[in-house]
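Undergrad: The structure follows.
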Amino acid sequence: MLPCSAGIGLRAPHVRAALDGHPAIRWIEIHSENVFGGGPAGQLARELAARYPLSLHGVGMGLGAVEPLDAEHLRALTTLVQAVRPAAVSEHLSFNRAHGKVVNDLLPLPYTEECLAHVAQRVQQVQDALGQRLLVENVSACLACPDDCIGEGEFLAELAARTGCGVLLDVNNLYVNQLNLGRDARAAMQALPARGVVAEIHLAGFIRRDGLVIDSHSQPVCEAVWGLYQEALTRFGPTPTLIEWDLDIPPLDTLLAEAARAQRVLDACVVKEVA
């Protein structure tokens with residue numbers, strides 16, 4: 001399990017500091033696909049796992065795709081999990097492939113009963129292969145599917161109930177969807193069980209472009225998302241939290257300052273839980 005503290009998404013400019021054992025880094029997340037296949041990348045993953053609690057975060061499995069899960073992708077992930085014994089393994093609630101073509105994007109799914117049954121079967125397949133619980137992350141969207149008939153939070157809650165998976169709750173994505181689609185971020189959180197399902201939280205920044213809000217991971221966390229984060233902790237209790245920053249990557253001190261702010265909110269939540 002991940003420690004109940006604030007970690008950072010590790011990107012190339014900060015790898016050296018992490019390998020040197022930077023004292024302010026509490027835990028780290030790396031993208032699974034970046035360290036598939038052994039070799040130097042696999043060795044790096046093992047060295048990081050020896051120093052920090054490690055979360056493996058997938059971006060390429062395509063849990064919602066219609067085609068069968070990519071067997072080679074699943075084998076590579078299973079091999080990696082066995083090698084580094086991560087504290088958590090996660091993947092996005094999205095699709096990224098069709099008719100043999102793969103797109104480098106996290107495309108949202110329709111929230112329908114048919115899609116829920118399909119994704120539940122695939123999540124269970126992944127968990128059976130890995131031999132551990134998978135955390136599934138909600139994604140941002142610019143358009144809603146006209147066939148949607150299940151709320152975002154209800155979909156995640158039912159997926160967890162059917163498979164035993166956990167939820168990686170991206171609070172920024174909830175807020176982006178509220179701005180883009182008019183969904184209620186707070187209602188989505190209220191639809192999730194208060195305890196036992198949300199196992200990790202992501203925080204990130206966004207940009208505005210052509211009338212849309214884009215989950216760019218290139219800015220500090222905005223104040224509205226900090227407010228939603230506080231509400232999330234009030235509902236779900238102290239939860240491991242990750243600061244994501246993937247583009248326009250700042251100096252490590254800037255990233256750690258964001259993590260430190262999240263840690264202060266977490267610490268205050270722990271105090272309230274104990275009181």
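To be explicit about the labels: the chains of the structure tokens are called A, B, and onward in the order shown, and within each one the residues are counted from 1, while ligands get numbers from 1 in the order they are shown.
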Give me the residues of segment 237-272 of chain A that have any atom at most 12 Å from an atom of segment 170-190 of chain A; for each, the nearest atom pair and the distance in Å, rounded to one decimal. Use only C-alpha atoms, sort by chain and number, and format it as JSON lines.
TA:
```
{"residue": "A:Pro240", "atom": "CA", "partner": "A:Asp170", "partner_atom": "CA", "distance": 11.8}
{"residue": "A:Thr241", "atom": "CA", "partner": "A:Asp170", "partner_atom": "CA", "distance": 9.6}
{"residue": "A:Leu242", "atom": "CA", "partner": "A:Asp170", "partner_atom": "CA", "distance": 9.3}
{"residue": "A:Ile243", "atom": "CA", "partner": "A:Asp170", "partner_atom": "CA", "distance": 10.2}
{"residue": "A:Glu244", "atom": "CA", "partner": "A:Asp170", "partner_atom": "CA", "distance": 10.0}
```
Undergrad: If we count only C-alpha atoms, what is near Ala161 of chain A at a cut-off of 12 Å, once residues fewer than 4 positions away on the same chain are taken out, given as a PDB file with N, CA, C and O atoms, in the first residue's frame?
TA:
```pdb
ATOM      1  N   LEU A 116     -20.174  -0.618 -18.742  1.00  0.00           N
ATOM      2  CA  LEU A 116     -19.788  -1.002 -17.388  1.00  0.00           C
ATOM      3  C   LEU A 116     -19.501  -2.499 -17.306  1.00  0.00           C
ATOM      4  O   LEU A 116     -18.481  -2.916 -16.733  1.00  0.00           O
ATOM      5  N   ALA A 117     -20.365  -3.316 -17.895  1.00  0.00           N
ATOM      6  CA  ALA A 117     -20.151  -4.757 -17.873  1.00  0.00           C
ATOM      7  C   ALA A 117     -18.870  -5.134 -18.620  1.00  0.00           C
ATOM      8  O   ALA A 117     -18.106  -6.002 -18.179  1.00  0.00           O
ATOM      9  N   ALA A 120     -15.800  -3.994 -16.530  1.00  0.00           N
ATOM     10  CA  ALA A 120     -15.660  -4.824 -15.335  1.00  0.00           C
ATOM     11  C   ALA A 120     -14.967  -6.146 -15.671  1.00  0.00           C
ATOM     12  O   ALA A 120     -14.095  -6.614 -14.927  1.00  0.00           O
ATOM     13  N   VAL A 123     -11.226  -5.324 -16.253  1.00  0.00           N
ATOM     14  CA  VAL A 123     -10.535  -5.023 -14.996  1.00  0.00           C
ATOM     15  C   VAL A 123     -10.252  -6.313 -14.237  1.00  0.00           C
ATOM     16  O   VAL A 123      -9.154  -6.511 -13.698  1.00  0.00           O
ATOM     17  N   GLN A 124     -11.233  -7.202 -14.205  1.00  0.00           N
ATOM     18  CA  GLN A 124     -11.018  -8.470 -13.510  1.00  0.00           C
ATOM     19  C   GLN A 124      -9.925  -9.280 -14.175  1.00  0.00           C
ATOM     20  O   GLN A 124      -9.102  -9.926 -13.508  1.00  0.00           O
ATOM     21  N   GLU A 154     -21.246   7.174  -9.954  1.00  0.00           N
ATOM     22  CA  GLU A 154     -21.974   5.912  -9.846  1.00  0.00           C
ATOM     23  C   GLU A 154     -21.303   4.816 -10.671  1.00  0.00           C
ATOM     24  O   GLU A 154     -21.251   3.651 -10.248  1.00  0.00           O
ATOM     25  N   PHE A 155     -20.793   5.181 -11.850  1.00  0.00           N
ATOM     26  CA  PHE A 155     -20.105   4.212 -12.701  1.00  0.00           C
ATOM     27  C   PHE A 155     -18.877   3.660 -11.975  1.00  0.00           C
ATOM     28  O   PHE A 155     -18.655   2.446 -11.922  1.00  0.00           O
ATOM     29  N   LEU A 156     -18.066   4.542 -11.420  1.00  0.00           N
ATOM     30  CA  LEU A 156     -16.869   4.112 -10.705  1.00  0.00           C
ATOM     31  C   LEU A 156     -17.221   3.266  -9.488  1.00  0.00           C
ATOM     32  O   LEU A 156     -16.562   2.258  -9.208  1.00  0.00           O
ATOM     33  N   ALA A 157     -18.258   3.670  -8.764  1.00  0.00           N
ATOM     34  CA  ALA A 157     -18.659   2.925  -7.573  1.00  0.00           C
ATOM     35  C   ALA A 157     -19.112   1.516  -7.930  1.00  0.00           C
ATOM     36  O   ALA A 157     -18.761   0.542  -7.253  1.00  0.00           O
ATOM     37  N   CYS A 165     -11.935  -3.643  -7.492  1.00  0.00           N
ATOM     38  CA  CYS A 165     -10.870  -2.693  -7.815  1.00  0.00           C
ATOM     39  C   CYS A 165     -10.990  -1.463  -6.930  1.00  0.00           C
ATOM     40  O   CYS A 165     -12.017  -1.217  -6.298  1.00  0.00           O
ATOM     41  N   GLY A 166      -9.938  -0.678  -6.879  1.00  0.00           N
ATOM     42  CA  GLY A 166      -9.979   0.598  -6.199  1.00  0.00           C
ATOM     43  C   GLY A 166     -10.172   1.722  -7.196  1.00  0.00           C
ATOM     44  O   GLY A 166     -10.119   1.521  -8.413  1.00  0.00           O
ATOM     45  N   VAL A 167     -10.389   2.912  -6.668  1.00  0.00           N
ATOM     46  CA  VAL A 167     -10.524   4.099  -7.503  1.00  0.00           C
ATOM     47  C   VAL A 167      -9.351   5.023  -7.236  1.00  0.00           C
ATOM     48  O   VAL A 167      -9.021   5.313  -6.077  1.00  0.00           O
ATOM     49  N   LEU A 192     -19.493   7.989  -4.559  1.00  0.00           N
ATOM     50  CA  LEU A 192     -18.518   6.963  -4.209  1.00  0.00           C
ATOM     51  C   LEU A 192     -18.614   6.609  -2.732  1.00  0.00           C
ATOM     52  O   LEU A 192     -18.907   7.482  -1.904  1.00  0.00           O
ATOM     53  N   PRO A 193     -18.383   5.349  -2.376  1.00  0.00           N
ATOM     54  CA  PRO A 193     -18.398   4.981  -0.958  1.00  0.00           C
ATOM     55  C   PRO A 193     -17.408   5.821  -0.156  1.00  0.00           C
ATOM     56  O   PRO A 193     -16.325   6.157  -0.641  1.00  0.00           O
ATOM     57  N   GLY A 196     -12.921   2.783   1.797  1.00  0.00           N
ATOM     58  CA  GLY A 196     -12.574   1.488   1.242  1.00  0.00           C
ATOM     59  C   GLY A 196     -12.418   1.403  -0.261  1.00  0.00           C
ATOM     60  O   GLY A 196     -11.901   0.398  -0.762  1.00  0.00           O
ATOM     61  N   VAL A 197     -12.853   2.419  -0.997  1.00  0.00           N
ATOM     62  CA  VAL A 197     -12.799   2.352  -2.459  1.00  0.00           C
ATOM     63  C   VAL A 197     -11.770   3.323  -3.029  1.00  0.00           C
ATOM     64  O   VAL A 197     -10.938   2.942  -3.852  1.00  0.00           O
ATOM     65  N   VAL A 198     -11.800   4.586  -2.608  1.00  0.00           N
ATOM     66  CA  VAL A 198     -10.834   5.569  -3.102  1.00  0.00           C
ATOM     67  C   VAL A 198      -9.502   5.322  -2.404  1.00  0.00           C
ATOM     68  O   VAL A 198      -9.367   5.546  -1.201  1.00  0.00           O
TER      69      VAL A 198
END
```
Undergrad: Based on DSSP run over this structure's backbone, return all residues of segment 22-209 of chain A in helix (DSSP H, G or I), as an NGL selection string.
TA: :A and (32-35 or 39-51 or 71-84 or 113-130 or 152-163 or 171-181 or 185-191)
Undergrad: For Met1 of chain A, work out the shell of residues within 12 Å, counting only C-alpha atoms and skipping chain neighbours fewer than 5 positions away, then give it as a count of residues only.
TA: 19
Undergrad: Would you list, as a PyMOL selection string, the residues of segment 21-147 of chain A that end up in strand (DSSP E) under DSSP run on this structure's backbone?
TA: chain A and resi 28-31+54-57+88-92+95-98+101-107+135-137
Undergrad: In Å, how far is it from atom CA of Asp248 of chain A to atom CA of Ser218 of chain A?
TA: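 Taking atom CA of Asp248 of chain A and atom CA of Ser218 of chain A, their separation equals 5.5 Å.
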Undergrad: Can you pull out the residues contacting Gly60 of chain A? Cut-off 8 Å, using only C-alpha atoms, and skip same-chain residues under 5 positions away; I want them as a list of chain:residue names.
TA: A:Glu33, A:Asn96, A:Asn104
Undergrad: Please produce a file of those selected residues containing N, CA, C and O atoms, as a tab-separated table (two decimals), in the first residue's frame.
TA:
```tsv
chain	number	residue	atom	x	y	z
A	33	GLU	N	4.53	2.03	-18.83
A	33	GLU	CA	5.03	1.74	-20.17
A	33	GLU	C	6.45	2.27	-20.39
A	33	GLU	O	7.18	1.75	-21.24
A	96	ASN	N	-8.14	3.57	-26.04
A	96	ASN	CA	-7.10	4.22	-26.84
A	96	ASN	C	-6.77	3.45	-28.11
A	96	ASN	O	-5.76	3.72	-28.75
A	104	ASN	N	-2.51	8.08	-29.02
A	104	ASN	CA	-1.81	8.51	-27.82
A	104	ASN	C	-2.69	9.49	-27.06
A	104	ASN	O	-2.38	10.67	-26.91
```
Undergrad: Select, from A:Pro108, A:Arg11, A:Ile201, A:Pro40, the residue with the minimum atom-to-atom distance to Leu143 of chain A, counting only C-alpha atoms.
TA: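 Using only C-alpha atoms, Leu143 of chain A sits closest to A:Pro108.
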Undergrad: Could you check which of A:Arg75, A:His118, A:Arg209, A:Arg46 is closest to Leu93 of chain A, using only C-alpha atoms?
TA: A:His118
Undergrad: Would you please work out which residue, of A:Ile30, A:Val59, A:Leu106, A:Val213, is nearest to Val84 of chain A when using only C-alpha atoms?
TA: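 Closest to Val84 of chain A of all the choices is A:Ile30.
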Undergrad: Which is closest to Cys115 of chain A among A:Val66, A:Leu56, A:Ala268, A:Leu74, if we use only C-alpha atoms?
TA: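 Of A:Val66, A:Leu56, A:Ala268, A:Leu74, the one nearest Cys115 of chain A is A:Val66, counting only C-alpha atoms.
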Undergrad: Rounded to one decimal in Å, what is the spacing between atom CA of Thr254 of chain A and atom CA of Ser216 of chain A?
TA: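 Distance between the two atoms: 16.8 Å.
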Undergrad: Given only C-alpha atoms as the basis, pick out the residue of A:Ala204, A:Leu10, A:Arg235, A:Asp253 nearest to Glu223 of chain A.
TA: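 For Glu223 of chain A, the nearest of the given residues is A:Ala204.
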Undergrad: Please, what distance in Å, to one decimal, runs between atom CA of Gly9 of chain A and atom CA of Val270 of chain A?
TA: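 If I compute the distance from atom CA of Gly9 of chain A to atom CA of Val270 of chain A, I get 23.0 Å.
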Undergrad: Please provide as a list in words all residues within 9 Å of Leu80 of chain A, with the sequence filter that same-chain residues fewer than 5 positions apart are discarded (counting only C-alpha atoms).
TA: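 Result of the neighbour search: Ser32, Val35, Phe36, Gly37, Gly38, Gly42, Ala45, Arg75, Arg85 and Pro86 of chain A.
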Undergrad: Considering only C-alpha atoms, state which residue in the set A:Ala71, A:Leu169, A:Leu44, A:Leu159 is at the smallest distance from Glu137 of chain A.
TA: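 Smallest distance to Glu137 of chain A is found for A:Leu169.
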Undergrad: Which residues, written as a list of chain:residue names, have at least one atom at most 9 Å from His217 of chain A, with only C-alpha atoms counted and residues fewer than 5 positions away on the same chain left out?
TA: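 Those residues are A:Leu203, A:Ala204, A:Gly205, A:Phe206, A:Ile207, A:Glu244, A:Trp245, A:Asp246, A:Leu247, A:Asp248, A:Ile249.
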Undergrad: Got time to write the residues from that selection, N, CA and C atoms, as an mmCIF file, in the first residue's frame?
TA:
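Contents of part_35.cif, freshly written:
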```cif
data_model
loop_
_atom_site.group_PDB
_atom_site.id
_atom_site.type_symbol
_atom_site.label_atom_id
_atom_site.label_comp_id
_atom_site.auth_asym_id
_atom_site.auth_seq_id
_atom_site.Cartn_x
_atom_site.Cartn_y
_atom_site.Cartn_z
ATOM 1 N N LEU A 203 -3.794 15.181 -8.135
ATOM 2 C CA LEU A 203 -3.992 16.619 -8.274
ATOM 3 C C LEU A 203 -3.094 17.115 -9.401
ATOM 4 N N ALA A 204 -3.605 18.041 -10.199
ATOM 5 C CA ALA A 204 -2.820 18.567 -11.318
ATOM 6 C C ALA A 204 -3.381 19.927 -11.710
ATOM 7 N N GLY A 205 -2.746 20.544 -12.709
ATOM 8 C CA GLY A 205 -3.196 21.822 -13.227
ATOM 9 C C GLY A 205 -3.705 21.686 -14.653
ATOM 10 N N PHE A 206 -4.450 22.686 -15.113
ATOM 11 C CA PHE A 206 -5.029 22.645 -16.452
ATOM 12 C C PHE A 206 -4.788 23.964 -17.170
ATOM 13 N N ILE A 207 -5.098 23.973 -18.466
ATOM 14 C CA ILE A 207 -5.054 25.198 -19.261
ATOM 15 C C ILE A 207 -6.407 25.380 -19.937
ATOM 16 N N GLU A 244 0.706 15.652 -10.077
ATOM 17 C CA GLU A 244 1.115 15.346 -11.451
ATOM 18 C C GLU A 244 1.558 16.635 -12.156
ATOM 19 N N TRP A 245 2.690 16.541 -12.841
ATOM 20 C CA TRP A 245 3.163 17.682 -13.630
ATOM 21 C C TRP A 245 4.002 17.099 -14.763
ATOM 22 N N ASP A 246 3.397 16.994 -15.952
ATOM 23 C CA ASP A 246 4.000 16.250 -17.052
ATOM 24 C C ASP A 246 4.523 17.109 -18.192
ATOM 25 N N LEU A 247 4.031 18.344 -18.329
ATOM 26 C CA LEU A 247 4.481 19.251 -19.379
ATOM 27 C C LEU A 247 4.963 20.545 -18.747
ATOM 28 N N ASP A 248 5.877 21.237 -19.462
ATOM 29 C CA ASP A 248 6.459 22.455 -18.889
ATOM 30 C C ASP A 248 6.924 22.175 -17.463
ATOM 31 N N ILE A 249 7.686 21.114 -17.318
ATOM 32 C CA ILE A 249 8.057 20.608 -15.998
ATOM 33 C C ILE A 249 8.908 21.639 -15.263
#
```
